[in-house]
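> You'll find start29.cif just under this line, and it carries mmCIF, C-alpha atoms.
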data_model
loop_
_atom_site.group_PDB
_atom_site.id
_atom_site.type_symbol
_atom_site.label_atom_id
_atom_site.label_comp_id
_atom_site.auth_asym_id
_atom_site.auth_seq_id
_atom_site.Cartn_x
_atom_site.Cartn_y
_atom_site.Cartn_z
ATOM 1 C CA ILE A 1 -28.733 2.868 16.412
ATOM 2 C CA PRO A 2 -29.462 1.453 19.895
ATOM 3 C CA GLN A 3 -33.052 1.536 21.095
ATOM 4 C CA VAL A 4 -33.700 4.002 23.929
ATOM 5 C CA ASP A 5 -36.882 5.336 25.487
ATOM 6 C CA GLU A 6 -37.806 8.939 26.270
ATOM 7 C CA ASP A 7 -35.723 8.754 29.460
ATOM 8 C CA PHE A 8 -32.654 7.543 27.475
ATOM 9 C CA GLN A 9 -32.914 4.090 29.046
ATOM 10 C CA THR A 10 -32.257 1.059 26.840
ATOM 11 C CA ASN A 11 -34.223 -2.187 26.879
ATOM 12 C CA VAL A 12 -31.788 -3.310 29.610
ATOM 13 C CA PRO A 13 -33.121 -1.637 32.787
ATOM 14 C CA GLY A 14 -30.423 0.466 34.376
ATOM 15 C CA ILE A 15 -28.348 1.021 31.214
ATOM 16 C CA PHE A 16 -28.762 4.413 29.544
ATOM 17 C CA ILE A 17 -27.342 5.968 26.364
ATOM 18 C CA ALA A 18 -26.753 9.646 25.538
ATOM 19 C CA GLY A 19 -24.947 11.613 22.854
ATOM 20 C CA GLU A 20 -23.374 10.471 19.611
ATOM 21 C CA LEU A 21 -23.931 6.739 20.134
ATOM 22 C CA GLY A 22 -27.677 7.366 20.287
ATOM 23 C CA GLY A 23 -27.546 9.313 17.032
ATOM 24 C CA MET A 24 -27.178 12.789 18.552
ATOM 25 C CA GLY A 25 -23.717 14.127 17.732
ATOM 26 C CA LEU A 26 -24.402 17.876 18.060
ATOM 27 C CA ILE A 27 -22.531 19.182 21.104
ATOM 28 C CA ARG A 28 -25.427 21.174 22.558
ATOM 29 C CA ASN A 29 -27.860 18.262 22.230
ATOM 30 C CA ALA A 30 -25.337 15.758 23.575
ATOM 31 C CA ILE A 31 -24.867 17.954 26.665
ATOM 32 C CA SER A 32 -28.626 18.180 27.168
ATOM 33 C CA GLN A 33 -29.042 14.412 26.813
ATOM 34 C CA GLY A 34 -26.269 13.697 29.301
ATOM 35 C CA VAL A 35 -27.956 15.865 31.937
ATOM 36 C CA GLN A 36 -31.441 14.490 31.256
ATOM 37 C CA ALA A 37 -30.178 10.908 31.448
ATOM 38 C CA VAL A 38 -28.740 11.540 34.917
ATOM 39 C CA ASP A 39 -32.059 13.067 35.982
ATOM 40 C CA SER A 40 -33.742 9.808 34.930
ATOM 41 C CA ILE A 41 -31.094 7.699 36.667
ATOM 42 C CA CYS A 42 -31.765 9.532 39.934
ATOM 43 C CA GLU A 43 -35.311 8.130 39.844
ATOM 44 C CA LEU A 44 -34.109 4.515 39.883
ATOM 45 C CA GLU A 45 -34.479 2.333 42.955
ATOM 46 C CA GLY A 46 -31.355 2.232 45.103
ATOM 47 C CA ILE A 47 -29.701 5.334 43.649
ATOM 48 C CA GLY A 48 -28.181 7.512 46.362
ATOM 49 C CA GLU A 49 -28.075 4.789 49.030
ATOM 50 C CA HIS A 50 -24.230 4.800 48.957
ATOM 51 C CA ARG A 51 -23.822 1.112 49.677
ATOM 52 C CA ASP A 52 -20.275 -0.100 50.192
ATOM 53 C CA GLY A 53 -18.671 -1.324 46.996
ATOM 54 C CA ILE A 54 -21.577 -0.362 44.743
ATOM 55 C CA HIS A 55 -21.485 2.939 42.831
ATOM 56 C CA ASP A 56 -24.692 4.690 41.888
ATOM 57 C CA LEU A 57 -23.469 5.197 38.346
ATOM 58 C CA VAL A 58 -20.624 4.417 35.955
ATOM 59 C CA ILE A 59 -20.351 6.863 33.048
ATOM 60 C CA VAL A 60 -18.510 5.510 30.023
ATOM 61 C CA GLY A 61 -17.084 8.253 27.807
ATOM 62 C CA ALA A 62 -15.758 11.762 28.409
ATOM 63 C CA GLY A 63 -17.045 13.652 25.413
ATOM 64 C CA PRO A 64 -19.687 16.410 25.735
ATOM 65 C CA ALA A 65 -22.444 14.014 26.868
ATOM 66 C CA GLY A 66 -20.176 12.222 29.349
ATOM 67 C CA ILE A 67 -18.760 15.436 30.812
ATOM 68 C CA ALA A 68 -22.220 16.983 31.182
ATOM 69 C CA ALA A 69 -23.533 13.791 32.790
ATOM 70 C CA SER A 70 -20.563 13.713 35.185
ATOM 71 C CA LEU A 71 -21.186 17.300 36.245
ATOM 72 C CA ALA A 72 -24.886 16.527 36.719
ATOM 73 C CA ALA A 73 -23.960 13.499 38.847
ATOM 74 C CA MET A 74 -21.639 15.695 40.943
ATOM 75 C CA SER A 75 -24.365 18.260 41.468
ATOM 76 C CA ARG A 76 -26.792 15.516 42.523
ATOM 77 C CA LYS A 77 -24.132 14.094 44.897
ATOM 78 C CA LEU A 78 -24.145 10.665 43.316
ATOM 79 C CA ASP A 79 -21.410 8.105 43.907
ATOM 80 C CA PHE A 80 -20.146 7.785 40.331
ATOM 81 C CA VAL A 81 -17.099 6.976 38.220
ATOM 82 C CA THR A 82 -16.319 8.335 34.741
ATOM 83 C CA LEU A 83 -14.237 6.117 32.456
ATOM 84 C CA GLU A 84 -12.689 7.136 29.119
ATOM 85 C CA GLN A 85 -10.807 4.774 26.813
ATOM 86 C CA ASP A 86 -8.828 7.617 25.266
ATOM 87 C CA SER A 87 -8.670 11.167 26.609
ATOM 88 C CA LEU A 88 -10.884 14.087 27.578
ATOM 89 C CA GLY A 89 -13.029 15.603 24.833
ATOM 90 C CA GLY A 90 -14.360 12.633 22.892
ATOM 91 C CA THR A 91 -14.517 12.821 19.105
ATOM 92 C CA VAL A 92 -13.343 16.459 19.045
ATOM 93 C CA SER A 93 -9.990 15.449 20.560
ATOM 94 C CA HIS A 94 -9.291 13.456 17.385
ATOM 95 C CA TYR A 95 -9.855 16.389 15.036
ATOM 96 C CA PRO A 96 -6.897 17.883 13.138
ATOM 97 C CA ARG A 97 -5.294 20.909 14.734
ATOM 98 C CA GLY A 98 -7.121 24.153 13.964
ATOM 99 C CA LYS A 99 -10.320 22.465 12.764
ATOM 100 C CA ILE A 100 -13.365 24.700 13.150
ATOM 101 C CA VAL A 101 -15.996 23.216 15.462
ATOM 102 C CA MET A 102 -19.612 24.312 15.141
ATOM 103 C CA THR A 103 -21.743 24.243 18.259
ATOM 104 C CA ALA A 104 -24.338 26.372 20.040
ATOM 105 C CA PRO A 105 -24.737 27.863 23.513
ATOM 106 C CA ALA A 106 -25.540 25.229 26.141
ATOM 107 C CA GLU A 107 -25.997 25.053 29.903
ATOM 108 C CA LEU A 108 -23.511 22.935 31.857
ATOM 109 C CA PRO A 109 -24.257 21.881 35.461
ATOM 110 C CA MET A 110 -21.919 23.529 38.006
ATOM 111 C CA VAL A 111 -20.412 25.700 35.240
ATOM 112 C CA GLY A 112 -23.186 27.717 33.642
ATOM 113 C CA LYS A 113 -23.590 28.946 30.101
ATOM 114 C CA MET A 114 -21.256 27.574 27.444
ATOM 115 C CA GLN A 115 -21.184 30.431 24.943
ATOM 116 C CA PHE A 116 -19.442 28.897 21.898
ATOM 117 C CA LYS A 117 -21.050 29.063 18.447
ATOM 118 C CA GLU A 118 -18.004 28.579 16.249
ATOM 119 C CA THR A 119 -14.630 27.736 17.729
ATOM 120 C CA THR A 120 -11.501 25.708 17.114
ATOM 121 C CA LYS A 121 -10.598 22.279 18.370
ATOM 122 C CA GLU A 122 -7.890 23.748 20.606
ATOM 123 C CA ALA A 123 -10.166 26.355 22.185
ATOM 124 C CA LEU A 124 -12.851 23.773 22.893
ATOM 125 C CA MET A 125 -10.345 21.337 24.403
ATOM 126 C CA ASP A 126 -8.974 24.148 26.601
ATOM 127 C CA PHE A 127 -12.539 24.868 27.712
ATOM 128 C CA TRP A 128 -13.146 21.236 28.719
ATOM 129 C CA GLN A 129 -9.848 21.140 30.591
ATOM 130 C CA GLY A 130 -10.822 24.322 32.416
ATOM 131 C CA VAL A 131 -14.156 22.748 33.387
ATOM 132 C CA VAL A 132 -12.351 19.737 34.863
ATOM 133 C CA GLU A 133 -9.960 21.937 36.842
ATOM 134 C CA LYS A 134 -12.680 24.309 38.043
ATOM 135 C CA THR A 135 -15.060 21.605 39.261
ATOM 136 C CA GLY A 136 -12.533 19.003 40.406
ATOM 137 C CA LEU A 137 -14.144 16.414 38.149
ATOM 138 C CA GLU A 138 -12.159 13.166 38.065
ATOM 139 C CA ILE A 139 -11.985 11.335 34.734
ATOM 140 C CA ARG A 140 -10.218 8.000 34.611
ATOM 141 C CA ASP A 141 -8.737 8.102 31.136
ATOM 142 C CA ARG A 142 -7.057 5.208 29.343
ATOM 143 C CA HIS A 143 -9.697 2.965 30.949
ATOM 144 C CA ARG A 144 -11.250 0.984 28.114
ATOM 145 C CA VAL A 145 -14.414 -0.891 29.060
ATOM 146 C CA GLU A 146 -14.024 -4.482 27.898
ATOM 147 C CA GLY A 147 -17.256 -5.936 29.153
ATOM 148 C CA ILE A 148 -20.397 -5.428 31.216
ATOM 149 C CA GLU A 149 -22.072 -8.174 33.214
ATOM 150 C CA GLN A 150 -25.187 -8.157 35.328
ATOM 151 C CA GLU A 151 -25.782 -9.756 38.695
ATOM 152 C CA SER A 152 -28.725 -9.523 41.070
ATOM 153 C CA SER A 153 -28.688 -8.066 44.550
ATOM 154 C CA GLN A 154 -31.320 -9.076 47.111
ATOM 155 C CA GLN A 155 -32.840 -5.981 48.687
ATOM 156 C CA ASP A 156 -34.367 -5.757 52.188
ATOM 157 C CA SER A 157 -37.736 -5.271 50.495
ATOM 158 C CA ASN A 158 -37.298 -8.698 48.859
ATOM 159 C CA GLN A 159 -37.205 -7.031 45.459
ATOM 160 C CA ILE A 160 -34.442 -7.779 43.005
ATOM 161 C CA SER A 161 -32.670 -4.791 41.463
ATOM 162 C CA PRO A 162 -29.816 -5.041 38.978
ATOM 163 C CA VAL A 163 -26.192 -4.602 39.887
ATOM 164 C CA PHE A 164 -23.757 -4.295 37.003
ATOM 165 C CA ILE A 165 -20.088 -5.189 36.844
ATOM 166 C CA VAL A 166 -18.172 -2.920 34.461
ATOM 167 C CA LYS A 167 -14.863 -4.512 33.515
ATOM 168 C CA THR A 168 -11.729 -2.773 32.289
ATOM 169 C CA ALA A 169 -8.280 -4.281 31.799
ATOM 170 C CA ALA A 170 -7.161 -2.909 35.166
ATOM 171 C CA GLU A 171 -10.242 -2.883 37.370
ATOM 172 C CA GLU A 172 -13.882 -3.826 37.897
ATOM 173 C CA TYR A 173 -16.641 -1.458 39.035
ATOM 174 C CA ARG A 174 -19.939 -2.571 40.590
ATOM 175 C CA CYS A 175 -22.790 -0.129 40.071
ATOM 176 C CA ARG A 176 -26.548 0.375 40.066
ATOM 177 C CA SER A 177 -26.666 2.078 36.667
ATOM 178 C CA ILE A 178 -24.564 2.755 33.567
ATOM 179 C CA LEU A 179 -24.598 5.654 31.128
ATOM 180 C CA LEU A 180 -22.941 4.904 27.794
ATOM 181 C CA ALA A 181 -21.778 8.241 26.374
ATOM 182 C CA ILE A 182 -19.351 6.766 23.875
ATOM 183 C CA GLY A 183 -18.973 7.857 20.267
ATOM 184 C CA ARG A 184 -19.944 5.962 17.162
ATOM 185 C CA ARG A 185 -16.446 5.841 15.709
ATOM 186 C CA GLY A 186 -15.577 2.716 17.654
ATOM 187 C CA THR A 187 -12.480 0.831 16.516
ATOM 188 C CA PRO A 188 -10.724 2.370 13.488
ATOM 189 C CA ARG A 189 -11.411 0.430 10.289
ATOM 190 C CA LYS A 190 -8.202 -1.028 8.896
ATOM 191 C CA LEU A 191 -7.162 -1.722 5.321
ATOM 192 C CA GLY A 192 -6.143 -5.324 5.909
ATOM 193 C CA VAL A 193 -3.088 -5.152 3.638
ATOM 194 C CA PRO A 194 0.498 -6.360 4.126
ATOM 195 C CA GLY A 195 2.660 -3.845 5.971
ATOM 196 C CA GLU A 196 -0.207 -2.117 7.778
ATOM 197 C CA GLU A 197 1.223 -3.091 11.156
ATOM 198 C CA GLN A 198 4.103 -0.608 10.755
ATOM 199 C CA THR A 199 4.258 2.363 13.129
ATOM 200 C CA LYS A 200 4.170 4.803 10.206
ATOM 201 C CA VAL A 201 0.510 3.797 9.631
ATOM 202 C CA VAL A 202 -1.972 5.756 11.777
ATOM 203 C CA TYR A 203 -5.745 6.196 11.789
ATOM 204 C CA ARG A 204 -6.151 9.866 12.576
ATOM 205 C CA LEU A 205 -4.238 13.078 12.053
ATOM 206 C CA ILE A 206 -2.869 14.679 15.206
ATOM 207 C CA ASP A 207 -0.540 17.425 13.963
ATOM 208 C CA PRO A 208 0.146 18.262 10.288
ATOM 209 C CA GLU A 209 3.543 19.747 11.178
ATOM 210 C CA GLN A 210 4.923 16.327 12.051
ATOM 211 C CA TYR A 211 4.819 15.510 8.333
ATOM 212 C CA ILE A 212 7.052 18.375 7.133
ATOM 213 C CA ASP A 213 9.371 17.089 4.355
ATOM 214 C CA HIS A 214 7.539 13.731 4.314
ATOM 215 C CA HIS A 215 5.925 11.653 1.564
ATOM 216 C CA VAL A 216 2.411 11.049 2.902
ATOM 217 C CA LEU A 217 -0.468 8.892 1.691
ATOM 218 C CA VAL A 218 -3.981 9.661 2.968
ATOM 219 C CA VAL A 219 -6.575 6.925 2.422
ATOM 220 C CA GLY A 220 -10.277 7.756 2.423
ATOM 221 C CA GLY A 221 -12.893 10.009 0.886
ATOM 222 C CA GLY A 222 -14.778 11.575 3.780
ATOM 223 C CA ASP A 223 -14.280 14.960 5.393
ATOM 224 C CA SER A 224 -11.587 13.728 7.781
ATOM 225 C CA ALA A 225 -9.501 12.377 4.892
ATOM 226 C CA LEU A 226 -9.854 15.509 2.770
ATOM 227 C CA GLU A 227 -9.122 17.817 5.685
ATOM 228 C CA ALA A 228 -6.048 15.778 6.623
ATOM 229 C CA ALA A 229 -4.703 15.812 3.058
ATOM 230 C CA VAL A 230 -5.178 19.571 2.639
ATOM 231 C CA SER A 231 -3.669 20.468 6.011
ATOM 232 C CA ILE A 232 -0.596 18.294 5.408
ATOM 233 C CA ALA A 233 -0.174 19.667 1.872
ATOM 234 C CA GLU A 234 0.088 23.158 3.394
ATOM 235 C CA GLN A 235 3.253 22.135 5.281
ATOM 236 C CA PRO A 236 6.639 22.834 3.654
ATOM 237 C CA GLY A 237 8.323 20.049 1.740
ATOM 238 C CA THR A 238 5.408 17.625 1.842
ATOM 239 C CA ASP A 239 4.469 15.282 -0.991
ATOM 240 C CA VAL A 240 0.834 14.271 -0.432
ATOM 241 C CA THR A 241 -1.306 11.688 -2.228
ATOM 242 C CA ILE A 242 -4.920 10.871 -1.433
ATOM 243 C CA SER A 243 -6.292 7.479 -2.493
ATOM 244 C CA TYR A 244 -10.019 6.720 -2.544
ATOM 245 C CA ARG A 245 -11.875 3.632 -3.706
ATOM 246 C CA SER A 246 -14.821 5.467 -5.311
ATOM 247 C CA GLU A 247 -15.000 7.742 -8.325
ATOM 248 C CA ALA A 248 -16.013 10.890 -6.440
ATOM 249 C CA PHE A 249 -15.787 12.439 -2.954
ATOM 250 C CA SER A 250 -19.573 12.370 -2.668
ATOM 251 C CA ARG A 251 -19.634 11.927 1.137
ATOM 252 C CA ALA A 252 -17.517 15.009 1.839
ATOM 253 C CA LYS A 253 -18.692 18.601 2.315
ATOM 254 C CA GLU A 254 -18.543 20.811 -0.766
ATOM 255 C CA LYS A 255 -16.030 23.187 0.812
ATOM 256 C CA ASN A 256 -13.624 20.305 1.405
ATOM 257 C CA ARG A 257 -14.060 19.024 -2.153
ATOM 258 C CA ILE A 258 -13.235 22.515 -3.426
ATOM 259 C CA LYS A 259 -10.108 22.693 -1.279
ATOM 260 C CA ILE A 260 -8.908 19.337 -2.623
ATOM 261 C CA ALA A 261 -9.570 20.404 -6.223
ATOM 262 C CA ASP A 262 -7.702 23.683 -5.703
ATOM 263 C CA ALA A 263 -4.738 21.967 -4.061
ATOM 264 C CA GLU A 264 -4.554 19.414 -6.876
ATOM 265 C CA LYS A 265 -4.744 22.143 -9.498
ATOM 266 C CA GLU A 266 -1.924 24.009 -7.780
ATOM 267 C CA GLY A 267 0.192 20.851 -7.690
ATOM 268 C CA ARG A 268 0.239 20.626 -3.884
ATOM 269 C CA LEU A 269 -1.242 17.128 -3.765
ATOM 270 C CA ARG A 270 -2.091 14.150 -5.976
ATOM 271 C CA VAL A 271 -5.506 12.465 -6.154
ATOM 272 C CA ILE A 272 -5.896 8.820 -7.234
ATOM 273 C CA MET A 273 -9.571 7.894 -7.465
ATOM 274 C CA GLN A 274 -10.991 4.352 -7.759
ATOM 275 C CA SER A 275 -7.886 2.934 -6.153
ATOM 276 C CA ASN A 276 -6.947 0.654 -3.282
ATOM 277 C CA VAL A 277 -3.765 0.227 -1.276
ATOM 278 C CA LYS A 278 -2.210 -3.171 -2.009
ATOM 279 C CA HIS A 279 1.012 -3.169 -0.008
ATOM 280 C CA ILE A 280 2.846 -0.898 2.438
ATOM 281 C CA ASP A 281 6.636 -1.170 2.511
ATOM 282 C CA GLU A 282 9.131 0.590 4.759
ATOM 283 C CA ASP A 283 9.729 3.433 2.306
ATOM 284 C CA LYS A 284 7.200 2.711 -0.461
ATOM 285 C CA VAL A 285 3.479 2.099 -0.907
ATOM 286 C CA SER A 286 1.739 0.271 -3.769
ATOM 287 C CA ILE A 287 -1.706 1.363 -4.989
ATOM 288 C CA LYS A 288 -3.843 -0.545 -7.487
ATOM 289 C CA THR A 289 -6.087 1.516 -9.768
ATOM 290 C CA VAL A 290 -9.378 0.609 -11.452
ATOM 291 C CA ASP A 291 -7.402 -0.200 -14.622
ATOM 292 C CA ASP A 292 -5.349 -2.792 -12.688
ATOM 293 C CA GLU A 293 -2.334 -0.528 -12.903
ATOM 294 C CA VAL A 294 -0.090 -0.642 -9.849
ATOM 295 C CA VAL A 295 1.298 2.747 -8.806
ATOM 296 C CA GLU A 296 4.327 2.703 -6.533
ATOM 297 C CA LEU A 297 5.012 5.833 -4.480
ATOM 298 C CA ASP A 298 7.760 6.936 -2.137
ATOM 299 C CA ASN A 299 6.250 6.926 1.336
ATOM 300 C CA ASP A 300 7.124 7.940 4.887
ATOM 301 C CA ALA A 301 3.648 7.872 6.427
ATOM 302 C CA VAL A 302 0.133 6.526 5.805
ATOM 303 C CA ILE A 303 -2.982 8.048 7.372
ATOM 304 C CA VAL A 304 -6.059 5.835 7.078
ATOM 305 C CA CYS A 305 -9.330 7.771 7.394
ATOM 306 C CA ALA A 306 -11.749 4.943 6.619
ATOM 307 C CA GLY A 307 -14.128 5.446 9.530
ATOM 308 C CA GLY A 308 -14.637 3.038 12.369
ATOM 309 C CA ILE A 309 -16.307 -0.222 13.213
ATOM 310 C CA LEU A 310 -19.392 0.699 15.214
ATOM 311 C CA PRO A 311 -19.611 -0.751 18.734
ATOM 312 C CA THR A 312 -22.652 -2.814 17.694
ATOM 313 C CA ALA A 313 -21.204 -6.132 18.859
ATOM 314 C CA PHE A 314 -20.401 -4.629 22.269
ATOM 315 C CA LEU A 315 -23.976 -3.377 22.637
ATOM 316 C CA LYS A 316 -25.486 -6.707 21.591
ATOM 317 C CA ASP A 317 -23.200 -8.597 23.978
ATOM 318 C CA ILE A 318 -24.716 -6.723 26.916
ATOM 319 C CA GLY A 319 -28.236 -7.293 25.627
ATOM 320 C CA ILE A 320 -29.056 -3.900 24.107
ATOM 321 C CA ASN A 321 -31.399 -3.971 21.100
ATOM 322 C CA VAL A 322 -30.013 -2.192 18.044
ATOM 323 C CA ASP A 323 -31.970 -0.874 15.057
ATOM 324 C CA THR A 324 -30.303 -0.752 11.641
ATOM 325 C CA LYS A 325 -31.193 2.356 9.656
ATOM 326 C CA PHE A 326 -30.739 2.346 5.877
ATOM 327 C CA GLY A 327 -30.365 5.673 4.087
ATOM 328 C CA THR A 328 -30.287 6.518 0.405
ATOM 329 C CA ALA A 329 -27.320 7.839 -1.520
#
In structure tokens, how does this file's structure come out?


Amino acid sequence: IPQVDEDFQTNVPGIFIAGELGGMGLIRNAISQGVQAVDSICELEGIGEHRDGIHDLVIVGAGPAGIAASLAAMSRKLDFVTLEQDSLGGTVSHYPRGKIVMTAPAELPMVGKMQFKETTKEALMDFWQGVVEKTGLEIRDRHRVEGIEQESSQQDSNQISPVFIVKTAAEEYRCRSILLAIGRRGTPRKLGVPGEEQTKVVYRLIDPEQYIDHHVLVVGGGDSALEAAVSIAEQPGTDVTISYRSEAFSRAKEKNRIKIADAEKEGRLRVIMQSNVKHIDEDKVSIKTVDDEVVELDNDAVIVCAGGILPTAFLKDIGINVDTKFGTA
């Protein structure tokens, strides 16, 4: 978890963090942090001077924290840019269709009260899209930040204040401050097995209906894996197998474990515990069990739900201190 102070500023002056990356994934709290971070940014030297070629703020990420921060920046009339490597909505946009999203009422700048308590992915995404259309907020999606550098700008007062260069594949942005509102998922964790480069291998479920009449392997043991397997198994003509390296789905919610057990009992899916994928062929997949038995299955699609590689290296490259937290099982 990156180190931030009470104003959400990191040890690198001018770089702030809000939302899931800072350990706060709840939507309401992420929104609050995004707004508070912009309030702190407005107190920095040079913010609001509107100097040619230098933005007040670059916001990285368009999830709840990034959207809230962008709206706060609009309301404070800052010169800002919001970049998103994927699309509007952040982590929620990657959820399976129909997934229930738990949140709580929150206050959005320029919009007002956000009344959701329990909703679906689709309803929440429609809400965010409506916010963008209503406010005229511009989000530059498909803009992945590849690096951040720092230069110094000599001020008239003979003081040195930081100027950052935010680099994407297409463009560079010079700015006084940066708010990182990115998620913790980072880059999807891969299996590292032969055949994984095929297009039939994906790292998140978009729409269960695309797998009708398909042989599907889901790899993983967390909630996303279990939810993907159950939702695909509900589609007509599917043959679903879930492979997990451990002996139990201990990381998943109880309700998801129950759904998997019920689906297995009803013959709607197959569970292979203590197993690892060894090879992915065009129409087959090989799985090795704890007994060294190799199971070969017909296969049209593989969905890997093995989490992501945290953006720790990216943070360290730009000088941000990161604390490692160890929990207990």

> List the residues selected by the PyMOL selection byres ((chain A and resi 267-278) around 6) in the file shown, writing them as an MDAnalysis selection string.

chainID A and resid 233 240:247 263:266 279 286:290

> Show which residues sit within 10 Å of segment 301-307 of chain A, as an MDAnalysis selection string. Count all atoms listed in the file, and ignore same-chain residues fewer than 5 positions away.

chainID A and resid 184:191 196 198:205 211 214:226 228:229 240:244 280 282:285

> Mind dumping the selected residues with C-alpha atoms as a PDB file, in the coordinates of the input?


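Result written to out.pdb:
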ATOM      1  CA  ARG A 184     -19.944   5.962  17.162  1.00  0.00           C
ATOM      2  CA  ARG A 185     -16.446   5.841  15.709  1.00  0.00           C
ATOM      3  CA  GLY A 186     -15.577   2.716  17.654  1.00  0.00           C
ATOM      4  CA  THR A 187     -12.480   0.831  16.516  1.00  0.00           C
ATOM      5  CA  PRO A 188     -10.724   2.370  13.488  1.00  0.00           C
ATOM      6  CA  ARG A 189     -11.411   0.430  10.289  1.00  0.00           C
ATOM      7  CA  LYS A 190      -8.202  -1.028   8.896  1.00  0.00           C
ATOM      8  CA  LEU A 191      -7.162  -1.722   5.321  1.00  0.00           C
ATOM      9  CA  GLU A 196      -0.207  -2.117   7.778  1.00  0.00           C
ATOM     10  CA  GLN A 198       4.103  -0.608  10.755  1.00  0.00           C
ATOM     11  CA  THR A 199       4.258   2.363  13.129  1.00  0.00           C
ATOM     12  CA  LYS A 200       4.170   4.803  10.206  1.00  0.00           C
ATOM     13  CA  VAL A 201       0.510   3.797   9.631  1.00  0.00           C
ATOM     14  CA  VAL A 202      -1.972   5.756  11.777  1.00  0.00           C
ATOM     15  CA  TYR A 203      -5.745   6.196  11.789  1.00  0.00           C
ATOM     16  CA  ARG A 204      -6.151   9.866  12.576  1.00  0.00           C
ATOM     17  CA  LEU A 205      -4.238  13.078  12.053  1.00  0.00           C
ATOM     18  CA  TYR A 211       4.819  15.510   8.333  1.00  0.00           C
ATOM     19  CA  HIS A 214       7.539  13.731   4.314  1.00  0.00           C
ATOM     20  CA  HIS A 215       5.925  11.653   1.564  1.00  0.00           C
ATOM     21  CA  VAL A 216       2.411  11.049   2.902  1.00  0.00           C
ATOM     22  CA  LEU A 217      -0.468   8.892   1.691  1.00  0.00           C
ATOM     23  CA  VAL A 218      -3.981   9.661   2.968  1.00  0.00           C
ATOM     24  CA  VAL A 219      -6.575   6.925   2.422  1.00  0.00           C
ATOM     25  CA  GLY A 220     -10.277   7.756   2.423  1.00  0.00           C
ATOM     26  CA  GLY A 221     -12.893  10.009   0.886  1.00  0.00           C
ATOM     27  CA  GLY A 222     -14.778  11.575   3.780  1.00  0.00           C
ATOM     28  CA  ASP A 223     -14.280  14.960   5.393  1.00  0.00           C
ATOM     29  CA  SER A 224     -11.587  13.728   7.781  1.00  0.00           C
ATOM     30  CA  ALA A 225      -9.501  12.377   4.892  1.00  0.00           C
ATOM     31  CA  LEU A 226      -9.854  15.509   2.770  1.00  0.00           C
ATOM     32  CA  ALA A 228      -6.048  15.778   6.623  1.00  0.00           C
ATOM     33  CA  ALA A 229      -4.703  15.812   3.058  1.00  0.00           C
ATOM     34  CA  VAL A 240       0.834  14.271  -0.432  1.00  0.00           C
ATOM     35  CA  THR A 241      -1.306  11.688  -2.228  1.00  0.00           C
ATOM     36  CA  ILE A 242      -4.920  10.871  -1.433  1.00  0.00           C
ATOM     37  CA  SER A 243      -6.292   7.479  -2.493  1.00  0.00           C
ATOM     38  CA  TYR A 244     -10.019   6.720  -2.544  1.00  0.00           C
ATOM     39  CA  ILE A 280       2.846  -0.898   2.438  1.00  0.00           C
ATOM     40  CA  GLU A 282       9.131   0.590   4.759  1.00  0.00           C
ATOM     41  CA  ASP A 283       9.729   3.433   2.306  1.00  0.00           C
ATOM     42  CA  LYS A 284       7.200   2.711  -0.461  1.00  0.00           C
ATOM     43  CA  VAL A 285       3.479   2.099  -0.907  1.00  0.00           C
TER      44      VAL A 285
END

> For the PyMOL selection byres ((chain A and resi 37) around 8), applied here, can you spell out every residue it catches as a list in words?

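Applied to this file, the PyMOL selection byres ((chain A and resi 37) around 8) returns Asp7, Phe8, Gln9, Phe16, Ile17, Ala18, Gln33, Gly34, Val35, Gln36, Val38, Asp39, Ser40, Ile41, Ala69 and Leu179 of chain A.
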
> Just want the 9 Å neighbourhood of Cys42 of chain A, counted on all atoms listed in the file, with same-chain residues fewer than 3 positions away dropped. Output as a PyMOL selection string.

chain A and resi 37-39+45-48+56+73+76+78

> How about saving the chosen residues, C-alpha atoms kept, as a PDB file, keeping the file's coordinate frame?


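File written: selection_17.pdb
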ATOM      1  CA  ALA A  37     -30.178  10.908  31.448  1.00  0.00           C
ATOM      2  CA  VAL A  38     -28.740  11.540  34.917  1.00  0.00           C
ATOM      3  CA  ASP A  39     -32.059  13.067  35.982  1.00  0.00           C
ATOM      4  CA  GLU A  45     -34.479   2.333  42.955  1.00  0.00           C
ATOM      5  CA  GLY A  46     -31.355   2.232  45.103  1.00  0.00           C
ATOM      6  CA  ILE A  47     -29.701   5.334  43.649  1.00  0.00           C
ATOM      7  CA  GLY A  48     -28.181   7.512  46.362  1.00  0.00           C
ATOM      8  CA  ASP A  56     -24.692   4.690  41.888  1.00  0.00           C
ATOM      9  CA  ALA A  73     -23.960  13.499  38.847  1.00  0.00           C
ATOM     10  CA  ARG A  76     -26.792  15.516  42.523  1.00  0.00           C
ATOM     11  CA  LEU A  78     -24.145  10.665  43.316  1.00  0.00           C
TER      12      LEU A  78
END

> Check the smallest atom-to-atom distance from each of A:Met110, A:Pro64, A:Gly14, A:Ile178 to Thr135 of chain A using all atoms listed in the file, then report the winner.

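Closest to Thr135 of chain A of all the choices is A:Met110.
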
> Just give me the gap between atom CA of Leu88 of chain A and atom CA of Ala62 of chain A in Å, one decimal is fine.

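Separation between atom CA of Leu88 of chain A and atom CA of Ala62 of chain A: 5.5 Å.
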
> Using all atoms listed in the file, which of the listed residues (A:Ala106, A:Ile1, A:Ile139, A:Ile54) sits closest to Glu151 of chain A?

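Among the listed residues, the smallest separation from Glu151 of chain A belongs to A:Ile54.
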
> Selection in question (the file shown): the PyMOL selection byres ((chain A and resi 84) around 10). Which residues does it include, as a list in words?

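Selection result, ordered by chain and number: Ile59, Val60, Gly61, Ala62, Gly63, Gly66, Thr82, Leu83, Gln85, Asp86, Ser87, Leu88, Gly89, Gly90, Ile139, Arg140, Asp141, Arg142, His143, Arg144, Val145, Ala181 and Ile182 of chain A.
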